[in-house]
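What follows is my_file35.pdb (PDB, C-alpha atoms and all ligand atoms).
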```
ATOM      1  CA  MET O  11    -152.068  50.673-196.987
ATOM      2  CA  ILE O  12    -154.343  52.756-194.875
ATOM      3  CA  ALA O  13    -155.210  49.819-192.696
ATOM      4  CA  ILE O  14    -151.551  49.062-192.204
ATOM      5  CA  ALA O  15    -150.787  52.693-191.426
ATOM      6  CA  THR O  16    -153.619  52.816-188.917
ATOM      7  CA  SER O  17    -152.658  49.604-187.235
ATOM      8  CA  GLY O  18    -149.102  50.903-187.198
ATOM      9  CA  ALA O  19    -150.233  54.072-185.502
ATOM     10  CA  ASP O  20    -152.314  52.075-183.086
ATOM     11  CA  GLY O  21    -149.360  49.858-182.391
ATOM     12  CA  ALA O  22    -147.192  52.877-181.771
ATOM     13  CA  GLY O  23    -149.846  54.286-179.493
ATOM     14  CA  LEU O  24    -150.005  51.047-177.578
ATOM     15  CA  ASP O  25    -146.247  50.914-177.359
ATOM     16  CA  ARG O  26    -146.107  54.415-175.996
ATOM     17  CA  GLY O  27    -148.830  53.567-173.538
ATOM     18  CA  SER O  28    -147.131  50.434-172.311
ATOM     19  CA  GLN O  29    -143.813  52.255-172.144
ATOM     20  CA  VAL O  30    -145.338  54.871-169.894
ATOM     21  CA  VAL O  31    -146.829  52.166-167.711
ATOM     22  CA  LEU O  32    -143.547  50.275-167.718
ATOM     23  CA  SER O  33    -141.459  53.303-166.862
ATOM     24  CA  ARG O  34    -143.860  54.206-164.097
ATOM     25  CA  ARG O  35    -143.663  50.663-162.788
ATOM     26  CA  SER O  36    -139.899  50.513-163.044
ATOM     27  CA  GLY O  37    -139.780  53.900-161.335
ATOM     28  CA  ILE O  38    -141.783  52.582-158.435
ATOM     29  CA  LEU O  39    -139.728  49.393-158.477
ATOM     30  CA  ALA O  40    -136.509  51.413-158.418
ATOM     31  CA  ILE O  41    -137.732  53.426-155.426
ATOM     32  CA  ALA O  42    -138.804  50.220-153.717
ATOM     33  CA  LEU O  43    -135.414  48.618-154.399
ATOM     34  CA  VAL O  44    -133.545  51.630-153.061
ATOM     35  CA  ALA O  45    -135.710  51.558-149.945
ATOM     36  CA  VAL O  46    -135.198  47.822-149.455
ATOM     37  CA  GLY O  47    -131.496  48.180-150.238
ATOM     38  CA  THR O  48    -131.040  50.907-147.646
ATOM     39  CA  TRP O  49    -132.955  48.857-145.146
ATOM     40  CA  LEU O  50    -130.941  45.696-145.881
ATOM     41  CA  MET O  51    -127.534  47.367-146.040
ATOM     42  CA  PRO O  52    -126.663  47.324-142.308
ATOM     43  CA  GLY O  53    -127.708  43.669-142.105
ATOM     44  CA  VAL O  54    -125.576  42.740-145.109
ATOM     45  CA  ALA O  55    -122.569  44.585-143.712
ATOM     46  CA  ALA O  56    -122.962  42.898-140.328
ATOM     47  CA  ALA O  57    -123.269  39.448-141.914
ATOM     48  CA  ASP O  58    -120.128  40.164-143.900
ATOM     49  CA  VAL O  59    -118.085  41.019-140.836
ATOM     50  CA  ALA O  60    -119.519  38.101-138.857
ATOM     51  CA  LEU O  61    -117.098  35.725-140.533
ATOM     52  CA  GLN O  62    -113.498  36.740-141.128
ATOM     53  CA  VAL O  63    -110.528  34.877-142.528
ATOM     54  CA  ILE O  64    -107.284  35.992-140.909
ATOM     55  CA  ASN O  65    -103.636  35.155-141.477
ATOM     56  CA  ALA O  66    -104.062  32.770-144.423
ATOM     57  CA  ARG O  67    -100.690  31.330-145.413
ATOM     58  CA  VAL O  68     -98.867  28.601-147.322
ATOM     59  CA  PRO O  69     -95.304  27.390-146.846
ATOM     60  CA  ALA O  70     -92.646  28.601-149.282
ATOM     61  CA  SER O  71     -91.331  25.985-151.696
ATOM     62  CA  ASP O  72     -88.780  25.653-154.525
ATOM     63  CA  GLU O  73     -90.606  22.651-155.902
ATOM     64  CA  ILE O  74     -93.462  22.547-158.389
ATOM     65  CA  GLY O  75     -96.229  19.943-158.575
ATOM     66  CA  ILE O  76     -96.317  19.278-154.856
ATOM     67  CA  ASN O  77     -99.088  19.419-152.272
ATOM     68  CA  LEU O  78     -99.060  22.109-149.605
ATOM     69  CA  PRO O  79    -101.324  22.860-146.657
ATOM     70  CA  LEU O  80    -103.203  26.151-146.686
ATOM     71  CA  LEU O  81    -103.545  27.360-143.110
ATOM     72  CA  MET O  82    -105.723  30.142-141.781
ATOM     73  CA  THR O  83    -107.639  31.474-138.826
ATOM     74  CA  ILE O  84    -111.400  31.853-139.162
ATOM     75  CA  ARG O  85    -113.374  34.044-136.796
ATOM     76  CA  ASN O  86    -117.036  33.189-136.957
ATOM     77  CA  ASP O  87    -119.049  35.627-134.838
ATOM     78  CA  ALA O  88    -122.274  34.505-136.481
ATOM     79  CA  ALA O  89    -124.962  32.772-134.446
ATOM     80  CA  GLU O  90    -124.938  29.778-136.788
ATOM     81  CA  PRO O  91    -122.243  27.277-137.710
ATOM     82  CA  ASP O  92    -120.681  27.526-141.159
ATOM     83  CA  ALA O  93    -118.414  25.293-143.236
ATOM     84  CA  ILE O  94    -115.672  25.571-145.844
ATOM     85  CA  LEU O  95    -116.911  23.939-149.013
ATOM     86  CA  ARG O  96    -114.224  24.786-151.584
ATOM     87  CA  VAL O  97    -110.981  26.659-152.021
ATOM     88  CA  ARG O  98    -109.449  27.901-155.242
ATOM     89  CA  CYS O  99    -105.912  29.255-155.450
ATOM     90  CA  PRO O 100    -104.253  30.476-158.662
ATOM     91  CA  PHE O 101    -101.008  28.597-157.896
ATOM     92  CA  ALA O 102    -102.478  25.105-157.401
ATOM     93  CA  ASN O 103    -104.477  22.844-159.703
ATOM     94  CA  PHE O 104    -106.775  21.332-157.084
ATOM     95  CA  SER O 105    -107.636  21.503-153.428
ATOM     96  CA  GLU O 106    -109.036  19.147-150.830
ATOM     97  CA  LYS O 107    -110.376  19.533-147.328
ATOM     98  CA  HIS O 108    -108.489  17.362-144.862
ATOM     99  CA  THR O 109    -108.766  16.183-141.334
ATOM    100  CA  VAL O 110    -106.143  14.199-139.426
ATOM    101  CA  ASP O 111    -107.006  10.820-137.943
ATOM    102  CA  ARG O 112    -105.145   9.610-134.909
ATOM    103  CA  GLY O 113    -105.478   5.877-134.600
ATOM    104  CA  GLU O 114    -103.063   3.134-133.690
ATOM    105  CA  GLY O 115    -100.393   4.155-136.178
ATOM    106  CA  ALA O 116     -99.041   7.509-137.236
ATOM    107  CA  PRO O 117    -101.540  10.359-137.702
ATOM    108  CA  ALA O 118    -102.963  10.231-141.224
ATOM    109  CA  MET O 119    -104.697  12.854-143.342
ATOM    110  CA  ARG O 120    -108.094  12.051-144.769
ATOM    111  CA  GLU O 121    -110.221  13.945-147.246
ATOM    112  CA  ILE O 122    -113.574  15.261-145.997
ATOM    113  CA  ARG O 123    -116.480  16.954-147.744
ATOM    114  CA  SER O 124    -116.322  20.188-145.768
ATOM    115  CA  ILE O 125    -114.508  21.757-142.836
ATOM    116  CA  PRO O 126    -116.886  22.615-139.985
ATOM    117  CA  ILE O 127    -116.651  26.195-138.719
ATOM    118  CA  PRO O 128    -118.529  26.461-135.400
ATOM    119  CA  GLU O 129    -120.424  29.624-134.492
ATOM    120  CA  ASN O 130    -119.122  32.182-132.002
ATOM    121  CA  LYS O 131    -115.668  30.728-132.152
ATOM    122  CA  THR O 132    -112.246  31.178-133.696
ATOM    123  CA  THR O 133    -111.163  28.138-135.665
ATOM    124  CA  GLU O 134    -107.529  27.511-136.479
ATOM    125  CA  LEU O 135    -106.739  25.395-139.534
ATOM    126  CA  LYS O 136    -103.606  23.396-138.780
ATOM    127  CA  ARG O 137    -101.401  20.734-140.313
ATOM    128  CA  ASP O 138    -102.376  18.310-137.565
ATOM    129  CA  GLY O 139    -106.093  19.127-137.670
ATOM    130  CA  TYR O 140    -108.580  20.444-140.158
ATOM    131  CA  HIS O 141    -106.845  22.120-143.065
ATOM    132  CA  VAL O 142    -107.071  22.778-146.768
ATOM    133  CA  MET O 143    -104.605  20.879-148.953
ATOM    134  CA  LEU O 144    -103.541  22.539-152.160
ATOM    135  CA  LEU O 145    -102.666  19.905-154.748
ATOM    136  CA  GLN O 146    -100.220  20.082-157.663
ATOM    137  CA  THR O 147     -98.699  23.509-157.198
ATOM    138  CA  ARG O 148     -98.046  25.258-160.514
ATOM    139  CA  GLN O 149     -95.123  27.441-159.496
ATOM    140  CA  LYS O 150     -92.449  28.055-156.917
ATOM    141  CA  LEU O 151     -93.675  29.925-153.878
ATOM    142  CA  VAL O 152     -91.330  32.553-152.545
ATOM    143  CA  ASP O 153     -91.404  33.837-148.980
ATOM    144  CA  GLY O 154     -93.418  37.068-148.776
ATOM    145  CA  GLU O 155     -95.344  36.568-152.027
ATOM    146  CA  LYS O 156     -99.079  37.208-151.847
ATOM    147  CA  PHE O 157    -101.928  35.591-153.743
ATOM    148  CA  THR O 158    -105.679  35.866-153.675
ATOM    149  CA  CYS O 159    -107.530  32.622-153.059
ATOM    150  CA  ALA O 160    -111.284  32.140-153.035
ATOM    151  CA  VAL O 161    -112.563  30.416-149.914
ATOM    152  CA  VAL O 162    -116.165  29.321-150.329
ATOM    153  CA  PHE O 163    -118.252  29.069-147.169
ATOM    154  CA  GLN O 164    -121.635  27.408-147.000
ATOM    155  CA  LYS O 165    -123.340  30.426-145.400
ATOM    156  CA  ALA O 166    -120.889  33.337-145.646
ATOM    157  CA  GLY O 167    -120.360  32.702-149.370
ATOM    158  CA  THR O 168    -117.131  33.272-151.268
ATOM    159  CA  LYS O 169    -114.405  35.168-149.437
ATOM    160  CA  GLU O 170    -111.597  36.488-151.602
ATOM    161  CA  THR O 171    -108.728  35.918-149.223
ATOM    162  CA  GLU O 172    -105.160  37.164-149.295
ATOM    163  CA  VAL O 173    -102.760  34.292-148.794
ATOM    164  CA  GLU O 174     -99.146  34.992-147.915
ATOM    165  CA  VAL O 175     -96.263  32.666-148.631
ATOM    166  CA  SER O 176     -94.369  32.165-145.415
ATOM    167  CA  ARG O 177     -91.149  30.309-144.740
ATOM    168  CA  THR O 178     -92.466  29.180-141.360
ATOM    169  CA  PRO O 179     -96.249  28.993-141.671
TER     170      PRO O 179
HETATM  171 CU    CU T   1    -103.626  17.471-145.795
END
```
Hey, can you dump this file as structure tokens for me?
Amino acid sequence: MIAIATSGADGAGLDRGSQVVLSRRSGILAIALVAVGTWLMPGVAAADVALQVINARVPASDEIGINLPLLMTIRNDAAEPDAILRVRCPFANFSEKHTVDRGEGAPAMREIRSIPIPENKTTELKRDGYHVMLLQTRQKLVDGEKFTCAVVFQKAGTKETEVEVSRTP
């Protein structure tokens, strides 16, 4: 009993000791993180503004279960090229990245792995060029409605983007 009590007390002593050490360490860590955070903040903000998605829109439609192009303007002021990897919209089951091939026949859309977004440039996604295709729409899309879609960039990360339904996109 005594031995147990002693070892218990020792254990408690050790615990207290390690807690003090831990809290001191986490205190220092917290200060360090705040310092690093403050130092990183302007950089993070600048990187965030370096790539902007503007005027994202889809055409209005009375039909359900159809495929619609998602068009947008992307301003990439970053020094490095980026790329659109994925897009997720709440009103469509799937999405693809498309380019348009112009060969002998009529222009044809083709799926690609990613849409290149060159640096220091404004890129326009268009029906007859690079665009995102939303597949199997889940609802009617009424002119003026707004949705939030996630556009995932290779470098800029996920951009929650407001997409407006437009009769003439
Ligand atoms: Cu397409």
Return as a PyMOL selection string the set of residues that the PyMOL selection byres (((not hetatm)) within 8 of (chain T and resi 1)) yields on the displayed structure.
chain O and resi 78-79+106-110+119-121+137+141-143
Report the distance between atom CA of Glu134 of chain O and atom CA of Ile84 of chain O in Å, rounded to one decimal place.
6.4 Å
Of the candidates O:Thr83, O:Asn65, O:Thr133, O:Thr147, which shows the shortest atom-to-atom distance to Ala102 of chain O, using all atoms listed in the file?
O:Thr147
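The shortest atom-to-atom distance to Val59 of chain O, with only C-alpha atoms taken into account, belongs to O:Ala88 out of O:Ala118, O:Ile94, O:Ile125, O:Ala88.
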Selection: 8 Å around Gly154 of chain O, only C-alpha atoms, excl. self and same-chain fewer than 4 positions, as a PDB file with C-alpha atoms, in the coordinates of the input:
```pdb
ATOM      1  CA  GLU O 174     -99.146  34.992-147.915  1.00  0.00           C
ATOM      2  CA  VAL O 175     -96.263  32.666-148.631  1.00  0.00           C
ATOM      3  CA  SER O 176     -94.369  32.165-145.415  1.00  0.00           C
TER       4      SER O 176
END
```
